Amino acid sequence: MKTQPQKSERLHSLDSLRSIMMLLGLVIHSAITYGVHNYGNDWILKDTGAMHISNDLIVVLIHFFRMPIFFLVAGFFGSMLFYKRGYLKMMKNRISRIVHPFIVFILLLWPILYFSMGYTAEVLAGNKDAFAETIAHFSNPIMFIPQLTYHLWFLYYLILITVCSVLLALLVKKTPNVSKMVSKVFNWTFQKPFLRVIVFASLTWFTYLIVGTTIIEAPFSFVPKIDTFLFYFYFYIAGWVLFKSKHLLNSMMRLDWASTILGIISFLGCIVAGPSLSYEWVILLQSLIIWLFIFGIIGLFIRYGSTYSPKMRYISDASYWVYLVHLPLTAIIPGFLYDWDMPATIKFLTVLISTTTICFVTYHFLVRASFIGKFLNGRKYPNKFSSSKKERIPSISKPILEK
C-alpha cells in the first residue's frame, strides 16, 4: 500500500507579506490624488484644492520596496511550485491563479475604471456635467474593450516573467553543475548580512544601468516595457534562487530592525540629497535602500508572522479580491469629496478607509463563500475567520506549498 505524502505546511510569514504588499496598493492609490507631485499619465487625478507633500512621501516610500518584495516573494513561491510539483502542474496553477483572473477582471473592470477615472477627472476640472459627459463616451462600443491594464499591470508582467523563468529553470536543470555553483555562492553570501546587502544592491545597481533610468514605471500599456520587465525579473529570480536556500530564511531576522530603520533614514537622505547627485550615485543609493528594506521587512515578518493567525489568514485570503477591485473606488471617491472642505490628509484617509471597508465587506458577503472565492483562491471559505486553533511552524525548512 502506498503511503500518503505528508501534508506540507504553509509559510505564514511570506504568505502574509505577499498579501500586505498587495494591500499597500490601496494606500498608494488613495494618497496619490492628494500629493503635490504631478504624475502625468500614470495618475491623471489631482485634487488641487487639497494637496500635501506628506502624501507624496507615502507614495514614494511604499513604491521603493513594495513591488521588489512582491516579485521576490512571487519568485520564491513560483520556484517552490516548480520544484515540488513539476513545471506542468506549476504552469497549470499559475494559469488558474494569475492568467484567468487577469483576463476576467481586465474585461469586467475596464469600463468601470474608465468611468471612475473620467468622472472624477471631470469633477476635479470643475465640470458641472461630469456624469453626463463621461457616460456619453460609452455610446461607442469600442470603449468596452480594454485599452490599458491599469493596476493589473503587475499580473500582466508576472505572467511574462513566470513563463521566462520556467524556460530558464528548465535550461538550468540540464546543467546541474551550474545550478549547484549558483546555490553555493548564494548560500555563502546570504549568511553574511552586510555582504548580502552589498552584493544584491550591486546587482540592482547594474540592472538600473542596463535599463538606463532612476524610475521604474508601472506601465499600463499591453506592449511590455523592457526596463520594467528586466527590473522585476531580477527580483523574481532572486526569490526563485532563495527557495533553493530556504533553510537560510531565519537568518533574515539578523539585523532586521536595523536594516529597516537604516532603510528609512537612507530614503529620507535620498529625498533630500537626490537632486544634487549624479545618476550613478542616485541608482546606487536607491539600490541600497531597496535591499535594506527587503531584508529588514522580510526579517520582521519572519520574526513576528511565522505563527498562524486566523485574522491574518483571513486578510491573506481577502487580499487578492480587495486589490483587484479597489482602484475604481480610489478613483471615484475623490470626486465625491471634491467640494468638502477638508485637509488633504483627511481626504486621503477618508478614501483609504472607505475603499478598504467596501472591499472587505464585499469580499466577506459576496466572495469568500462563493464561486468567485474559489476562482481566486482555489477554494470556498465559510463566512468567518478560520479556526482559532493555533499552528506553529516548527522549522522554516519544512516543505511548504502555496495555497
# chains A, B, ... in the order shown; residues from 1 in each chain; ligands from 1
>>> residues_around(residues="Phe64 of chain A", least_positions_apart="5", cutoff="9 Å", atoms="only C-alpha atoms", output="list of chain:residue names")
A:Val59, A:Phe267, A:Gln286, A:Ile289, A:Ile290, A:Phe293
>>> residues_around(residues="Ser251 of chain A", least_positions_apart="3", cutoff="8 Å", atoms="only C-alpha atoms", output="list in words")
Gln191, Leu248, Arg254 and Gly299 of chain A
>>> write_last_selection(atoms="C-alpha atoms", output="PDB file, in the first residue's frame")
ATOM      1  CA  GLN A 191      24.618  34.132   5.564  1.00  0.00           C
ATOM      2  CA  LEU A 248      18.532  30.289   5.466  1.00  0.00           C
ATOM      3  CA  ARG A 254      19.534  39.167  11.931  1.00  0.00           C
ATOM      4  CA  GLY A 299      13.064  39.567   8.502  1.00  0.00           C
TER       5      GLY A 299
END
>>> closest_residue(among="A:Val182, A:Val123, A:Ile28, A:Leu108", to="Lys244 of chain A", atoms="only C-alpha atoms")
A:Val182
>>> closest_atom_pairs(of="segment 32-146 of chain A", to="segment 349-369 of chain A", cutoff="12 Å", atoms="only C-alpha atoms", output="CSV")
residue,atom,partner,partner_atom,distance
A:Ile32,CA,A:Val351,CA,10.9
A:Thr33,CA,A:Val351,CA,9.9
A:Tyr34,CA,A:Leu349,CA,10.3
A:Asn55,CA,A:Leu349,CA,10.3
>>> closest_residue(among="A:Phe105, A:Tyr304, A:Phe200, A:Phe336", to="Tyr119 of chain A", atoms="only C-alpha atoms")
A:Phe336
>>> closest_residue(among="A:Glu122, A:Val241, A:Ile103, A:Trp321", to="Val172 of chain A", atoms="only C-alpha atoms")
A:Val241
>>> residues_around(residues="Ile58 of chain A", least_positions_apart="4", cutoff="9 Å", atoms="only C-alpha atoms", output="PDB file with C-alpha atoms, in the first residue's frame")
ATOM      1  CA  VAL A  27      -2.616  53.235   0.364  1.00  0.00           C
ATOM      2  CA  ILE A  28      -0.737  54.408  -2.733  1.00  0.00           C
ATOM      3  CA  ALA A  31      -2.793  59.085  -1.297  1.00  0.00           C
ATOM      4  CA  ILE A  32      -1.602  59.875  -4.814  1.00  0.00           C
ATOM      5  CA  ILE A  53       3.759  66.715   0.224  1.00  0.00           C
ATOM      6  CA  SER A  54       3.401  64.117   3.002  1.00  0.00           C
ATOM      7  CA  ILE A  62       5.978  52.407  -0.377  1.00  0.00           C
ATOM      8  CA  HIS A  63       6.952  52.331  -4.044  1.00  0.00           C
TER       9      HIS A  63
END
>>> residues_around(residues="Ile226 of chain A", least_positions_apart="2", cutoff="12 Å", atoms="only C-alpha atoms", output="ChimeraX atom specification")
/A:157,160-161,207-208,210-213,216-219,221,223-224,228-233
>>> write_last_selection(atoms="C-alpha atoms", output="mmCIF file, in the first residue's frame")
data_model
loop_
_atom_site.group_PDB
_atom_site.id
_atom_site.type_symbol
_atom_site.label_atom_id
_atom_site.label_comp_id
_atom_site.auth_asym_id
_atom_site.auth_seq_id
_atom_site.Cartn_x
_atom_site.Cartn_y
_atom_site.Cartn_z
ATOM 1 C CA TYR A 157 4.227 41.259 -16.049
ATOM 2 C CA LEU A 160 5.504 37.172 -18.719
ATOM 3 C CA ILE A 161 8.167 36.788 -16.033
ATOM 4 C CA THR A 207 20.209 46.415 -13.545
ATOM 5 C CA TYR A 208 19.474 50.134 -13.224
ATOM 6 C CA ILE A 210 21.072 48.435 -18.102
ATOM 7 C CA VAL A 211 17.588 49.973 -18.130
ATOM 8 C CA GLY A 212 19.056 53.490 -18.005
ATOM 9 C CA THR A 213 16.570 55.149 -15.659
ATOM 10 C CA ILE A 216 10.867 52.084 -12.856
ATOM 11 C CA GLU A 217 7.401 52.784 -14.194
ATOM 12 C CA ALA A 218 4.210 50.868 -13.519
ATOM 13 C CA PRO A 219 3.315 50.665 -17.224
ATOM 14 C CA SER A 221 0.246 49.503 -21.853
ATOM 15 C CA VAL A 223 3.076 46.494 -25.047
ATOM 16 C CA PRO A 224 5.669 45.355 -22.470
ATOM 17 C CA THR A 228 10.154 47.233 -16.172
ATOM 18 C CA PHE A 229 10.356 43.598 -17.226
ATOM 19 C CA LEU A 230 14.122 43.314 -16.624
ATOM 20 C CA PHE A 231 13.990 45.117 -13.284
ATOM 21 C CA TYR A 232 11.305 42.927 -11.730
ATOM 22 C CA PHE A 233 12.587 39.793 -13.461
#
>>> residues_around(residues="Thr120 of chain A", least_positions_apart="3", cutoff="7 Å", atoms="only C-alpha atoms", output="list in words")
Ser116, Met117, Val123, Leu124, Ala331, Ile332, Pro334 and Gly335 of chain A
>>> closest_residue(among="A:Leu61, A:Ala74, A:Ile159, A:Val272", to="Phe102 of chain A", atoms="only C-alpha atoms")
A:Ile159
>>> closest_residue(among="A:Ile333, A:Leu24, A:Leu45, A:Ile237", to="Ala121 of chain A", atoms="only C-alpha atoms")
A:Leu45
